[in-house]
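Shown below: data11.txt, with compact mmCIF, C-alpha atoms and all ligand atoms.
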```txt
# COMPACT_ATOMS: atom_id res chain seq x y z
CA MET A 1 25.78 12.51 6.73
CA SER A 2 22.36 11.19 7.68
CA THR A 3 19.54 11.16 5.19
CA ARG A 4 15.97 11.74 6.21
CA PHE A 5 13.69 8.73 5.95
CA GLU A 6 11.11 9.26 3.22
CA PRO A 7 8.23 6.89 3.84
CA ASN A 8 6.28 5.16 1.10
CA ILE A 9 2.62 5.96 1.57
CA VAL A 10 -0.10 4.31 -0.48
CA ALA A 11 -3.24 6.44 -0.59
CA PHE A 12 -6.44 4.77 -1.76
CA THR A 13 -8.89 7.47 -2.80
CA CYS A 14 -12.46 7.30 -3.99
CA ASN A 15 -13.13 8.74 -7.42
CA TRP A 16 -15.92 11.11 -6.47
CA CYS A 17 -14.66 12.96 -3.40
CA SER A 18 -11.18 12.40 -2.09
CA TYR A 19 -9.50 11.96 -5.47
CA GLY A 20 -11.06 15.30 -6.36
CA GLY A 21 -9.65 16.68 -3.10
CA ALA A 22 -6.17 15.37 -3.95
CA ASP A 23 -6.49 16.80 -7.45
CA LEU A 24 -7.65 20.17 -6.10
CA ALA A 25 -4.67 20.23 -3.72
CA GLY A 26 -2.44 19.71 -6.74
CA ILE A 27 -4.00 22.31 -9.00
CA SER A 28 -4.20 24.81 -6.13
CA ARG A 29 -0.47 24.28 -5.62
CA ILE A 30 -0.96 23.33 -2.01
CA GLN A 31 2.31 21.86 -0.76
CA TYR A 32 2.22 18.29 0.51
CA PRO A 33 4.83 15.53 0.65
CA THR A 34 5.48 13.53 -2.48
CA SER A 35 5.48 10.35 -0.40
CA ALA A 36 1.94 9.42 -1.45
CA LYS A 37 1.25 7.02 -4.30
CA VAL A 38 -2.40 7.69 -5.05
CA ILE A 39 -4.58 4.80 -6.18
CA ARG A 40 -8.00 5.84 -7.43
CA LEU A 41 -10.98 3.56 -6.93
CA MET A 42 -14.63 4.25 -7.59
CA CYS A 43 -15.51 4.12 -3.88
CA SER A 44 -13.55 3.78 -0.64
CA GLY A 45 -15.84 0.81 0.06
CA ARG A 46 -13.98 -0.96 -2.74
CA VAL A 47 -10.82 -1.08 -0.61
CA ASP A 48 -10.67 -4.69 0.41
CA PRO A 49 -8.52 -5.43 3.51
CA SER A 50 -6.37 -7.72 1.37
CA MET A 51 -5.42 -4.70 -0.79
CA VAL A 52 -4.13 -2.87 2.27
CA LEU A 53 -2.18 -5.89 3.49
CA GLU A 54 -0.76 -6.39 0.00
CA ALA A 55 0.42 -2.77 -0.01
CA PHE A 56 2.25 -3.32 3.27
CA LYS A 57 3.67 -6.60 1.98
CA ASN A 58 5.00 -4.82 -1.12
CA GLY A 59 6.86 -2.08 0.69
CA ALA A 60 4.37 0.52 1.94
CA ASP A 61 5.35 2.12 5.24
CA GLY A 62 1.85 3.53 5.64
CA VAL A 63 -1.55 3.31 4.00
CA MET A 64 -4.22 5.98 3.88
CA ILE A 65 -7.78 5.28 2.84
CA SER A 66 -9.81 8.32 1.95
CA GLY A 67 -13.35 8.70 0.82
CA CYS A 68 -16.45 10.86 0.91
CA HIS A 69 -17.76 12.09 4.23
CA ILE A 70 -20.25 9.81 5.95
CA GLY A 71 -23.63 10.34 4.30
CA ASP A 72 -22.06 11.62 1.05
CA CYS A 73 -20.94 8.34 -0.54
CA HIS A 74 -22.07 8.17 -4.17
CA TYR A 75 -22.96 4.52 -3.61
CA SER A 76 -24.97 5.32 -0.44
CA THR A 77 -23.29 3.02 2.06
CA GLY A 78 -19.83 2.35 0.63
CA ASN A 79 -18.01 4.39 3.24
CA TYR A 80 -19.88 2.71 6.11
CA ARG A 81 -18.29 -0.48 4.84
CA THR A 82 -14.94 1.33 4.76
CA LEU A 83 -15.34 2.35 8.39
CA VAL A 84 -16.06 -1.22 9.52
CA ARG A 85 -13.13 -2.59 7.51
CA TYR A 86 -10.81 0.11 8.83
CA HIS A 87 -11.48 -0.92 12.42
CA ALA A 88 -11.00 -4.60 11.55
CA LEU A 89 -7.70 -3.74 9.83
CA GLU A 90 -6.49 -1.79 12.86
CA SER A 91 -6.76 -4.97 14.94
CA ALA A 92 -5.15 -7.12 12.23
CA MET A 93 -2.20 -4.75 12.00
CA THR A 94 -1.41 -5.08 15.68
CA VAL A 95 -1.38 -8.87 15.26
CA MET A 96 1.00 -8.48 12.29
CA GLY A 97 3.37 -6.33 14.33
CA LEU A 98 2.49 -3.10 12.54
CA HIS A 99 1.73 0.05 14.51
CA PRO A 100 -1.95 1.00 13.98
CA ASP A 101 -0.87 4.57 13.19
CA ARG A 102 0.52 3.26 9.90
CA LEU A 103 -3.08 3.16 8.73
CA LYS A 104 -5.18 6.29 8.40
CA LEU A 105 -8.75 6.93 7.41
CA LEU A 106 -9.63 10.36 6.03
CA TRP A 107 -12.94 11.73 4.83
CA ALA A 108 -12.38 14.53 2.34
CA SER A 109 -14.71 16.00 -0.25
CA ALA A 110 -13.68 17.20 -3.71
CA SER A 111 -13.65 20.78 -2.43
CA GLU A 112 -11.34 19.98 0.49
CA GLY A 113 -7.94 20.08 -1.14
CA GLN A 114 -6.36 21.61 1.95
CA ARG A 115 -7.88 18.92 4.17
CA TRP A 116 -6.49 16.17 1.92
CA ALA A 117 -3.04 17.78 1.83
CA ASP A 118 -3.05 18.18 5.63
CA GLY A 119 -4.07 14.52 6.00
CA ILE A 120 -1.25 13.20 3.85
CA THR A 121 1.26 15.56 5.50
CA GLU A 122 0.23 14.41 8.97
CA MET A 123 0.36 10.77 7.88
CA THR A 124 3.85 11.21 6.41
CA GLU A 125 5.13 12.83 9.61
CA THR A 126 3.62 10.06 11.77
CA VAL A 127 5.14 7.30 9.64
CA ARG A 128 8.47 9.13 9.49
CA ARG A 129 8.53 9.10 13.31
CA LEU A 130 7.69 5.36 13.34
CA GLY A 131 10.44 4.57 10.82
CA PRO A 132 10.41 2.00 8.01
CA SER A 133 7.82 -0.72 8.18
CA PRO A 134 9.06 -3.84 10.00
CA LEU A 135 7.51 -5.89 7.19
CA VAL A 136 9.83 -4.19 4.68
CA LYS A 137 12.86 -4.99 6.86
CA THR A 138 11.75 -8.62 7.14
CA ALA A 139 11.19 -8.86 3.38
CA LYS A 140 14.69 -7.45 2.70
CA LYS A 141 16.27 -9.92 5.16
CA THR A 142 14.43 -12.82 3.53
CA ALA A 143 15.58 -11.69 0.08
CA LYS A 144 19.22 -11.47 1.28
CA THR A 145 18.99 -14.94 2.83
CA ARG A 146 17.59 -16.30 -0.42
CA GLU A 147 20.43 -14.72 -2.41
CA ALA A 148 23.03 -16.16 -0.05
CA THR A 149 21.55 -19.65 -0.10
CA PRO A 150 23.07 -21.87 -2.82
CA LYS A 151 20.52 -23.14 -5.27
CA ILE A 152 19.85 -26.84 -5.11
CA THR A 153 18.65 -28.32 -8.34
CA LYS A 154 16.84 -31.53 -8.33
CA LYS A 155 17.64 -34.22 -10.87
CA LYS A 156 14.79 -36.33 -12.03
CA ALA A 157 15.32 -39.95 -11.23
CA GLY A 158 16.13 -41.92 -14.37
CA SER A 159 16.60 -38.87 -16.55
CA LYS A 160 19.01 -39.23 -19.45
CA LYS A 161 20.91 -36.65 -21.39
CA ALA A 162 19.25 -35.66 -24.59
CA THR A 163 20.60 -37.48 -27.59
CA LYS A 164 21.00 -36.06 -31.06
CA LYS A 165 18.14 -36.85 -33.29
CA GLY A 166 18.82 -38.44 -36.60
CA GLY A 167 22.42 -39.30 -35.81
CA ALA A 168 24.16 -41.42 -38.43
CA LYS A 169 24.50 -45.14 -37.62
CA LYS A 170 28.00 -46.53 -37.59
FE1 LIG A 201 -16.65 8.17 -2.15
FE2 LIG A 201 -18.09 5.94 -1.79
S1 LIG A 201 -18.00 7.18 -3.51
S2 LIG A 201 -16.67 6.86 -0.47
```
Exercise: express the given structure as structure tokens:
Amino acid sequence: MSTRFEPNIVAFTCNWCSYGGADLAGISRIQYPTSAKVIRLMCSGRVDPSMVLEAFKNGADGVMISGCHIGDCHYSTGNYRTLVRYHALESAMTVMGLHPDRLKLLWASASEGQRWADGITEMTETVRRLGPSPLVKTAKKTAKTREATPKITKKKAGSKKATKKGGAKK
């Protein structure tokens, strides 16, 4: 019996728009995959590229960054920064051997619950087609190799066994 691959998706959302969209999708009972682990930040511009790479390193098969529509950022230009970083990350992912489709950028307002749900659904289907992240496979292989490797303990040169304190003199 084959089991369907359920990807791990990390979704960074901004507090003011897209988190509201995700919340609205939930309270409106709009169906979307449970693959998304939502991380709320004050602004999508707060998503540093290292956070995305860390997510992939720690087992994410895909990462979605979502924020307010261009021109609607509550910090004026935060999402312009997001856009620039997103394009830089796309290039970095190719270098790392990750398919660029494992990263998605979505603009969704607090009233766009359906749009947010559609975005995460589409992302899940794309990543499901791509399969598990090659970084996760590599990390598992490395962990297995580490387990199989006997531990070598170093002895300090000149170290002596501890002696009992206060031993009686004979
Ligand atoms: Fe939403 Fe900046 S506050 S993208």
Practice prompt. Return as number ranges by chain the residues of protein, DNA or RNA that approach ligand LIG 201 (chain A) to within 12 Å, with all atoms listed in the file taken into account.
Written response: A: 12-21, 40-47, 65-83, 105-110
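Omitting Glu6 (chain A) and its sequence neighbours fewer than 3 positions away, and counting all atoms listed in the file, the residues within 12 Å are Thr3, Ile9, Pro33, Thr34, Ser35, Ala36, Ala60, Asp61, Gly62, Thr121, Met123, Thr124, Glu125, Thr126, Val127, Arg128, Arg129, Leu130, Gly131, Pro132 and Ser133 of chain A.
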Fill in: For CA of Gly26 (chain A) and CA of Glu112 (chain A), the interatomic separation in Å (one decimal)
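Interatomic distance, CA of Gly26 (chain A) to CA of Glu112 (chain A): 11.5 Å.
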With 5 Å added on each side, what axis-aligned box encloses every listed atom of region 43-55 of chain A? Give the centre and edge lengths in Å to one decimal, as lines of an AutoDock Vina configuration file.
```
center_x = -7.7
center_y = -1.8
center_z = -0.2
size_x = 26.3
size_y = 21.8
size_z = 17.4
```
Item to complete: Check the smallest atom-to-atom distance from each of A:Ala88, A:Ala55, A:Leu135, A:Val38 to Ile120 (chain A) using all atoms listed in the file, then report the winner.
Response: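 Closest to Ile120 (chain A) of all the choices is A:Val38.
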Discussion item. Given only C-alpha atoms as the basis, pick out the residue of A:Ile30, A:Ala117, A:Leu89, A:Val10 nearest to Asp48 (chain A).
Written reply: A:Leu89
Item to complete: Would you mind reading off the distance between CA of Ala25 (chain A) and CA of Ser50 (chain A), one decimal, in Å?
Response: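 CA of Ser50 (chain A) lies at a distance of 28.5 Å from CA of Ala25 (chain A).
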Worksheet item: In Å, with one decimal, what is the gap from CA of Val95 (chain A) to CA of Lys37 (chain A)?
Response: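 Taking CA of Val95 (chain A) as the start and CA of Lys37 (chain A) as the end point, the length is 25.3 Å.
Nearest to Leu53 (chain A) of all the residues A:Asp23, A:Ser28, A:His87, A:Leu98 is A:Leu98, based on all atoms listed in the file.
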Discussion item. Taking all atoms listed in the file into account, name the residue in A:Phe56, A:Arg4, A:Arg85, A:Leu103 that is nearest to Glu122 (chain A).
Written reply: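 For Glu122 (chain A), the nearest of the candidates is A:Leu103.
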Worksheet, complete the sentence: From the list A:Val63, A:Thr94, A:Ile39, A:Leu24, the nearest residue to Trp116 (chain A) using only C-alpha atoms is A:Leu24
